[in-house]
Structure formats: structure tokens, C-alpha cells
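Below: structure-v4.cif (mmCIF, N, CA and C atoms)
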data_data
loop_
_atom_site.label_atom_id
_atom_site.label_comp_id
_atom_site.auth_asym_id
_atom_site.auth_seq_id
_atom_site.Cartn_x
_atom_site.Cartn_y
_atom_site.Cartn_z
N MET A 1 156.29 71.15 120.51
CA MET A 1 155.17 70.54 121.20
C MET A 1 153.95 71.46 121.19
N VAL A 2 154.18 72.76 121.23
CA VAL A 2 153.07 73.71 121.28
C VAL A 2 152.14 73.53 120.08
N LYS A 3 152.71 73.19 118.93
CA LYS A 3 151.90 73.04 117.72
C LYS A 3 150.84 71.95 117.85
N LEU A 4 150.99 71.06 118.80
CA LEU A 4 149.99 70.03 119.01
C LEU A 4 148.74 70.56 119.71
N PHE A 5 148.87 71.70 120.39
CA PHE A 5 147.78 72.20 121.23
C PHE A 5 147.30 73.59 120.83
N VAL A 6 148.06 74.28 120.00
CA VAL A 6 147.72 75.62 119.54
C VAL A 6 147.80 75.61 118.02
N ALA A 7 146.78 76.10 117.37
CA ALA A 7 146.78 76.12 115.90
C ALA A 7 147.85 77.07 115.39
N GLU A 8 148.83 76.49 114.71
CA GLU A 8 149.94 77.23 114.11
C GLU A 8 150.22 76.59 112.76
N PRO A 9 151.04 77.25 111.94
CA PRO A 9 151.46 76.56 110.72
C PRO A 9 152.11 75.23 111.10
N GLU A 10 151.86 74.23 110.33
CA GLU A 10 152.36 72.86 110.51
C GLU A 10 151.64 72.08 111.61
N SER A 11 150.70 72.68 112.33
CA SER A 11 150.02 71.95 113.41
C SER A 11 149.31 70.71 112.91
N ALA A 12 148.51 70.84 111.87
CA ALA A 12 147.74 69.70 111.37
C ALA A 12 148.66 68.58 110.90
N ALA A 13 149.73 68.94 110.20
CA ALA A 13 150.67 67.92 109.72
C ALA A 13 151.37 67.22 110.88
N LEU A 14 151.69 67.97 111.92
CA LEU A 14 152.36 67.38 113.08
C LEU A 14 151.41 66.43 113.81
N VAL A 15 150.19 66.84 114.02
CA VAL A 15 149.20 65.98 114.68
C VAL A 15 149.05 64.68 113.89
N GLN A 16 148.96 64.79 112.58
CA GLN A 16 148.82 63.60 111.74
C GLN A 16 150.07 62.72 111.83
N ALA A 17 151.24 63.33 111.78
CA ALA A 17 152.49 62.57 111.81
C ALA A 17 152.67 61.82 113.12
N LEU A 18 152.19 62.39 114.21
CA LEU A 18 152.37 61.77 115.52
C LEU A 18 151.23 60.86 115.93
N SER A 19 150.21 60.79 115.12
CA SER A 19 149.06 59.94 115.43
C SER A 19 149.51 58.49 115.60
N GLY A 20 149.28 57.95 116.78
CA GLY A 20 149.65 56.58 117.08
C GLY A 20 151.10 56.37 117.45
N ALA A 21 151.91 57.42 117.41
CA ALA A 21 153.33 57.31 117.73
C ALA A 21 153.56 57.50 119.22
N LEU A 22 154.61 56.90 119.73
CA LEU A 22 155.03 57.16 121.09
C LEU A 22 155.78 58.49 121.08
N VAL A 23 155.33 59.41 121.90
CA VAL A 23 155.95 60.73 121.98
C VAL A 23 156.75 60.80 123.27
N ALA A 24 158.02 61.12 123.13
CA ALA A 24 158.89 61.29 124.29
C ALA A 24 159.32 62.75 124.35
N THR A 25 159.42 63.25 125.55
CA THR A 25 159.84 64.63 125.73
C THR A 25 160.49 64.78 127.10
N CYS A 26 161.20 65.84 127.24
CA CYS A 26 161.86 66.15 128.51
C CYS A 26 160.84 66.76 129.47
N ARG A 27 160.98 66.49 130.74
CA ARG A 27 160.01 66.97 131.72
C ARG A 27 159.83 68.50 131.69
N ILE A 28 160.86 69.23 131.32
CA ILE A 28 160.75 70.70 131.27
C ILE A 28 159.76 71.18 130.21
N THR A 29 159.38 70.29 129.32
CA THR A 29 158.41 70.66 128.28
C THR A 29 157.11 71.16 128.90
N PHE A 30 156.75 70.63 130.05
CA PHE A 30 155.51 71.06 130.69
C PHE A 30 155.52 72.57 130.91
N ALA A 31 156.60 73.08 131.47
CA ALA A 31 156.70 74.52 131.71
C ALA A 31 156.83 75.29 130.40
N GLU A 32 157.55 74.73 129.44
CA GLU A 32 157.73 75.42 128.16
C GLU A 32 156.40 75.59 127.43
N VAL A 33 155.62 74.54 127.37
CA VAL A 33 154.33 74.62 126.66
C VAL A 33 153.38 75.55 127.39
N ARG A 34 153.29 75.43 128.70
CA ARG A 34 152.41 76.34 129.45
C ARG A 34 152.84 77.79 129.28
N SER A 35 154.14 78.05 129.24
CA SER A 35 154.65 79.40 129.02
C SER A 35 154.23 79.92 127.64
N ALA A 36 154.33 79.08 126.63
CA ALA A 36 153.96 79.49 125.28
C ALA A 36 152.47 79.79 125.18
N ILE A 37 151.65 78.97 125.81
CA ILE A 37 150.21 79.23 125.80
C ILE A 37 149.89 80.51 126.55
N ALA A 38 150.53 80.73 127.69
CA ALA A 38 150.30 81.95 128.47
C ALA A 38 150.69 83.20 127.67
N ARG A 39 151.80 83.11 126.94
CA ARG A 39 152.23 84.26 126.13
C ARG A 39 151.19 84.55 125.05
N ARG A 40 150.69 83.53 124.41
CA ARG A 40 149.67 83.74 123.38
C ARG A 40 148.40 84.31 123.99
N GLU A 41 148.08 83.89 125.19
CA GLU A 41 146.88 84.42 125.86
C GLU A 41 147.06 85.90 126.19
N ARG A 42 148.25 86.29 126.61
CA ARG A 42 148.50 87.72 126.88
C ARG A 42 148.39 88.53 125.60
N GLU A 43 148.83 87.95 124.49
CA GLU A 43 148.80 88.65 123.21
C GLU A 43 147.40 88.68 122.62
N SER A 44 146.57 87.73 122.96
CA SER A 44 145.22 87.63 122.41
C SER A 44 144.23 87.22 123.50
N PRO A 45 143.97 88.13 124.46
CA PRO A 45 143.13 87.76 125.61
C PRO A 45 141.67 87.46 125.26
N LEU A 46 141.20 87.92 124.12
CA LEU A 46 139.81 87.66 123.76
C LEU A 46 139.56 86.19 123.45
N ALA A 47 140.60 85.44 123.18
CA ALA A 47 140.46 84.02 122.88
C ALA A 47 140.72 83.17 124.12
N SER A 48 140.37 83.68 125.29
CA SER A 48 140.70 83.00 126.54
C SER A 48 140.14 81.58 126.62
N GLN A 49 138.97 81.35 126.03
CA GLN A 49 138.41 80.01 126.05
C GLN A 49 139.30 79.04 125.25
N ALA A 50 139.82 79.49 124.14
CA ALA A 50 140.71 78.65 123.33
C ALA A 50 141.98 78.31 124.09
N TRP A 51 142.50 79.28 124.84
CA TRP A 51 143.74 79.04 125.61
C TRP A 51 143.47 78.07 126.77
N ALA A 52 142.30 78.20 127.38
CA ALA A 52 141.94 77.27 128.45
C ALA A 52 141.81 75.85 127.89
N GLN A 53 141.22 75.73 126.71
CA GLN A 53 141.10 74.41 126.08
C GLN A 53 142.48 73.84 125.73
N ALA A 54 143.38 74.69 125.25
CA ALA A 54 144.73 74.23 124.91
C ALA A 54 145.44 73.72 126.16
N ARG A 55 145.32 74.47 127.26
CA ARG A 55 145.94 74.04 128.53
C ARG A 55 145.37 72.70 128.99
N GLN A 56 144.05 72.55 128.89
CA GLN A 56 143.41 71.31 129.33
C GLN A 56 143.80 70.14 128.44
N GLN A 57 143.83 70.35 127.14
CA GLN A 57 144.22 69.26 126.23
C GLN A 57 145.65 68.84 126.48
N PHE A 58 146.53 69.81 126.70
CA PHE A 58 147.92 69.51 127.01
C PHE A 58 148.01 68.71 128.31
N ALA A 59 147.31 69.13 129.33
CA ALA A 59 147.33 68.41 130.61
C ALA A 59 146.81 66.98 130.44
N ASP A 60 145.76 66.82 129.63
CA ASP A 60 145.20 65.49 129.39
C ASP A 60 146.20 64.60 128.65
N ASP A 61 146.91 65.15 127.69
CA ASP A 61 147.84 64.36 126.87
C ASP A 61 149.19 64.13 127.56
N TRP A 62 149.52 64.94 128.56
CA TRP A 62 150.82 64.84 129.22
C TRP A 62 151.08 63.43 129.75
N GLY A 63 150.08 62.82 130.31
CA GLY A 63 150.23 61.48 130.87
C GLY A 63 150.47 60.40 129.83
N LEU A 64 150.24 60.71 128.56
CA LEU A 64 150.46 59.74 127.49
C LEU A 64 151.89 59.76 126.95
N MET A 65 152.66 60.76 127.37
CA MET A 65 154.01 60.94 126.83
C MET A 65 155.05 60.22 127.69
N GLN A 66 156.08 59.73 127.02
CA GLN A 66 157.24 59.16 127.70
C GLN A 66 158.10 60.33 128.15
N LEU A 67 158.39 60.42 129.45
CA LEU A 67 159.14 61.56 129.96
C LEU A 67 160.60 61.20 130.21
N VAL A 68 161.47 62.12 129.83
CA VAL A 68 162.89 62.01 130.13
C VAL A 68 163.15 62.99 131.27
N GLU A 69 163.71 62.49 132.34
CA GLU A 69 163.97 63.33 133.50
C GLU A 69 165.23 64.19 133.28
N VAL A 70 165.21 65.36 133.87
CA VAL A 70 166.36 66.25 133.81
C VAL A 70 167.27 65.91 134.98
N GLN A 71 168.21 65.02 134.70
CA GLN A 71 169.18 64.61 135.71
C GLN A 71 170.56 65.07 135.25
N GLN A 72 171.54 64.87 136.10
CA GLN A 72 172.87 65.41 135.84
C GLN A 72 173.46 65.03 134.48
N PRO A 73 173.34 63.78 134.02
CA PRO A 73 173.89 63.47 132.69
C PRO A 73 173.26 64.31 131.57
N VAL A 74 171.96 64.58 131.68
CA VAL A 74 171.29 65.42 130.68
C VAL A 74 171.82 66.84 130.76
N VAL A 75 171.94 67.37 131.97
CA VAL A 75 172.38 68.75 132.15
C VAL A 75 173.83 68.93 131.69
N ARG A 76 174.69 67.98 132.02
CA ARG A 76 176.09 68.07 131.57
C ARG A 76 176.19 68.06 130.05
N ARG A 77 175.47 67.15 129.44
CA ARG A 77 175.50 67.08 127.99
C ARG A 77 174.90 68.36 127.38
N ALA A 78 173.84 68.86 127.98
CA ALA A 78 173.24 70.10 127.49
C ALA A 78 174.24 71.25 127.54
N ALA A 79 175.00 71.32 128.61
CA ALA A 79 176.02 72.38 128.71
C ALA A 79 177.03 72.26 127.59
N ASP A 80 177.42 71.04 127.25
CA ASP A 80 178.33 70.84 126.12
C ASP A 80 177.69 71.29 124.82
N TYR A 81 176.41 71.03 124.65
CA TYR A 81 175.71 71.42 123.42
C TYR A 81 175.54 72.93 123.32
N VAL A 82 175.37 73.59 124.45
CA VAL A 82 175.31 75.05 124.44
C VAL A 82 176.59 75.61 123.83
N ASP A 83 177.73 75.07 124.30
CA ASP A 83 179.02 75.52 123.79
C ASP A 83 179.23 75.12 122.33
N ALA A 84 178.95 73.87 122.01
CA ALA A 84 179.26 73.33 120.69
C ALA A 84 178.37 73.89 119.59
N PHE A 85 177.09 74.09 119.90
CA PHE A 85 176.13 74.45 118.86
C PHE A 85 175.50 75.83 119.03
N GLY A 86 175.85 76.52 120.09
CA GLY A 86 175.27 77.85 120.32
C GLY A 86 173.77 77.81 120.58
N LEU A 87 173.32 76.78 121.28
CA LEU A 87 171.89 76.62 121.55
C LEU A 87 171.47 77.37 122.81
N ARG A 88 170.19 77.71 122.88
CA ARG A 88 169.60 78.21 124.11
C ARG A 88 169.56 77.06 125.11
N ALA A 89 169.55 77.38 126.38
CA ALA A 89 169.67 76.36 127.42
C ALA A 89 168.59 75.29 127.33
N TYR A 90 167.33 75.68 127.25
CA TYR A 90 166.27 74.67 127.21
C TYR A 90 166.33 73.85 125.93
N ASP A 91 166.69 74.47 124.80
CA ASP A 91 166.85 73.70 123.58
C ASP A 91 167.95 72.67 123.74
N ALA A 92 169.04 73.06 124.38
CA ALA A 92 170.15 72.13 124.61
C ALA A 92 169.72 70.99 125.53
N VAL A 93 168.91 71.28 126.53
CA VAL A 93 168.41 70.23 127.43
C VAL A 93 167.53 69.26 126.64
N GLN A 94 166.66 69.78 125.81
CA GLN A 94 165.80 68.91 124.99
C GLN A 94 166.64 68.02 124.07
N LEU A 95 167.65 68.60 123.44
CA LEU A 95 168.51 67.84 122.54
C LEU A 95 169.31 66.79 123.31
N ALA A 96 169.83 67.14 124.46
CA ALA A 96 170.58 66.18 125.28
C ALA A 96 169.68 65.03 125.71
N ALA A 97 168.47 65.33 126.11
CA ALA A 97 167.53 64.29 126.50
C ALA A 97 167.24 63.36 125.33
N ALA A 98 167.03 63.92 124.15
CA ALA A 98 166.77 63.10 122.97
C ALA A 98 167.97 62.24 122.61
N ALA A 99 169.16 62.82 122.68
CA ALA A 99 170.38 62.07 122.34
C ALA A 99 170.59 60.91 123.30
N LEU A 100 170.40 61.16 124.59
CA LEU A 100 170.56 60.09 125.58
C LEU A 100 169.49 59.01 125.41
N LEU A 101 168.27 59.43 125.13
CA LEU A 101 167.20 58.47 124.90
C LEU A 101 167.50 57.62 123.66
N ALA A 102 167.97 58.26 122.59
CA ALA A 102 168.29 57.54 121.35
C ALA A 102 169.38 56.50 121.57
N GLU A 103 170.33 56.82 122.41
CA GLU A 103 171.43 55.87 122.68
C GLU A 103 170.92 54.60 123.36
N GLY A 104 169.82 54.69 124.07
CA GLY A 104 169.29 53.53 124.78
C GLY A 104 168.24 52.76 124.02
N LEU A 105 167.93 53.18 122.81
CA LEU A 105 166.88 52.51 122.03
C LEU A 105 167.47 51.52 121.03
N ASN A 106 166.67 50.52 120.71
CA ASN A 106 167.06 49.56 119.67
C ASN A 106 166.47 49.93 118.32
N GLU A 107 165.78 51.04 118.26
CA GLU A 107 165.16 51.51 117.03
C GLU A 107 165.43 52.99 116.88
N PRO A 108 165.31 53.52 115.67
CA PRO A 108 165.61 54.94 115.48
C PRO A 108 164.63 55.85 116.22
N LEU A 109 165.16 56.94 116.70
CA LEU A 109 164.34 57.98 117.33
C LEU A 109 164.23 59.10 116.31
N LEU A 110 163.03 59.55 116.04
CA LEU A 110 162.80 60.66 115.11
C LEU A 110 162.68 61.94 115.92
N PHE A 111 163.64 62.83 115.75
CA PHE A 111 163.68 64.09 116.48
C PHE A 111 162.87 65.12 115.73
N ARG A 112 161.95 65.78 116.41
CA ARG A 112 161.11 66.80 115.76
C ARG A 112 161.28 68.13 116.47
N ALA A 113 161.66 69.12 115.70
CA ALA A 113 161.75 70.50 116.20
C ALA A 113 161.51 71.42 115.02
N PHE A 114 161.15 72.64 115.31
CA PHE A 114 160.88 73.61 114.25
C PHE A 114 161.88 74.76 114.30
N ASP A 115 163.01 74.50 114.93
CA ASP A 115 164.08 75.48 115.07
C ASP A 115 165.27 75.02 114.22
N VAL A 116 165.72 75.87 113.32
CA VAL A 116 166.78 75.51 112.39
C VAL A 116 168.07 75.12 113.12
N ARG A 117 168.50 75.94 114.06
CA ARG A 117 169.75 75.67 114.78
C ARG A 117 169.67 74.35 115.55
N LEU A 118 168.55 74.12 116.18
CA LEU A 118 168.36 72.89 116.94
C LEU A 118 168.37 71.66 116.02
N ASN A 119 167.71 71.77 114.88
CA ASN A 119 167.69 70.65 113.93
C ASN A 119 169.07 70.38 113.34
N ARG A 120 169.81 71.43 113.06
CA ARG A 120 171.17 71.23 112.54
C ARG A 120 172.03 70.49 113.57
N ALA A 121 171.91 70.87 114.82
CA ALA A 121 172.67 70.20 115.88
C ALA A 121 172.24 68.74 115.99
N ALA A 122 170.94 68.49 115.94
CA ALA A 122 170.44 67.12 116.02
C ALA A 122 170.98 66.28 114.88
N ARG A 123 170.99 66.84 113.70
CA ARG A 123 171.52 66.10 112.53
C ARG A 123 173.01 65.81 112.71
N LEU A 124 173.77 66.78 113.21
CA LEU A 124 175.20 66.56 113.45
C LEU A 124 175.44 65.46 114.47
N LEU A 125 174.50 65.29 115.40
CA LEU A 125 174.62 64.25 116.41
C LEU A 125 174.13 62.89 115.90
N GLY A 126 173.63 62.85 114.68
CA GLY A 126 173.19 61.60 114.10
C GLY A 126 171.75 61.24 114.37
N LEU A 127 170.98 62.18 114.91
CA LEU A 127 169.56 61.91 115.13
C LEU A 127 168.81 62.01 113.80
N SER A 128 167.79 61.23 113.63
CA SER A 128 166.95 61.29 112.43
C SER A 128 165.97 62.43 112.55
N LEU A 129 165.76 63.13 111.44
CA LEU A 129 164.79 64.21 111.38
C LEU A 129 163.80 63.93 110.25
N PRO A 130 162.58 64.45 110.35
CA PRO A 130 161.64 64.30 109.24
C PRO A 130 162.18 65.00 108.00
N ASP A 131 161.78 64.53 106.82
CA ASP A 131 162.27 65.11 105.58
C ASP A 131 162.01 66.60 105.48
N GLN A 132 160.88 67.06 106.01
CA GLN A 132 160.49 68.46 105.89
C GLN A 132 160.99 69.33 107.04
N ALA A 133 161.86 68.80 107.89
CA ALA A 133 162.36 69.57 109.04
C ALA A 133 163.18 70.77 108.56
N PRO A 134 162.91 71.94 109.14
CA PRO A 134 163.69 73.13 108.76
C PRO A 134 165.15 72.99 109.20
N CYS A 135 166.03 73.08 108.25
CA CYS A 135 167.47 73.00 108.54
C CYS A 135 168.12 74.13 107.81
#

Show me, as C-alpha cells, the structure contained in the file I just sent.
Amino acid sequence: MVKLFVAEPESAALVQALSGALVATCRITFAEVRSAIARRERESPLASQAWAQARQQFADDWGLMQLVEVQQPVVRRAADYVDAFGLRAYDAVQLAAAALLAEGLNEPLLFRAFDVRLNRAARLLGLSLPDQAPC
């Protein structure tokens, strides 16, 4: 999600790919994205105006996203994914939220991540990934 608000490799392609798409994410993404922007600001404080703009754009776009709440079914499944796939806790929560959301849809859910381990786990769970997803 950070790539949508901070210029990184693949940012432009991601913005283009998601243009007009419904974006769903887990509620914890708010803290994750703000944490990533804050870390970049600590590493590059001279660009403080850019970081403020990234925070504002993210806050503006947050209301446009479909949110998946972190409730017990998500957390339980995430714990299973931590064990099964060796994922970090928040990555497992994001994957569990996506898997549960996909189960309730009548159309395919396209899972997007830039982490190899997370994408491999998503593929094993039967989630669709973009052709260029790092695996």
C-alpha cells in the first residue's frame, strides 16, 4: 500500500493497475502505512513536505477503501498462517483478511503484495496474483 503514496519502484505501475479498482485492505494497514512513511521521514528529514503530502493523500484515500476488520476469525487464521508459512504477524493478518474476503466474493480477488514469502503463501491458498508479482 505504501507504494501508492510514496514514490518507490513499481509505484507508477501500481497506481495505474489500481485506477478505478475497488481496493480492500485490513484496518491495520492504516498503522502500517503511517509507520512506513514515518520511517522514511526519519531517514530523509529534508523531504518533510513530501512526507506530509504522502500522509495527507493516504488519509484522503483511506475512506475510499473497503476495510476488513481485525476480528477473531481473522486473527485465528493469521496465527495458522504464521505457523504454516513462516509469515510475520501483520503479513499473516493481511493474508487472512484477504482469504476470508475472497471466500465471500462471487468474483476473483486479486491479491497484491511485494513480498515473496507472502505472495507464495497467497498462491498456495488459491488467491490470484498479478503476473508480475514477485514469487

Could you work out how far atom C of Arg27 in chain A lies from atom C of Cys135 in chain A, giving the answer in Å with one decimal?
-> 25.9 Å

Contacts of Val82 in chain A at 8 Å (only N, CA and C atoms; same-chain gap of 5+ positions) as a count of residues only = 8

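DSSP secondary structure from the backbone places Ala24, Thr25, Cys26, Gln66, Leu67 and Val68 of chain A of chain A in strand (DSSP E).
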
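Shortest separation to Val68 in chain A among A:Ala36, A:Leu127, A:Leu118, A:Leu101 occurs at residue A:Leu101, atoms counted being only N, CA and C atoms.
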
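Atom pair atom C of Gln71 in chain A / CA of Asp83 in chain A has a distance of 17.7 Å (rounded to one decimal).
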
Which of chain A fall in alpha helix (DSSP H), as a count of residues only = 76

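The space separating CA of Phe58 in chain A from atom C of Gln16 in chain A comes to 16.8 Å.
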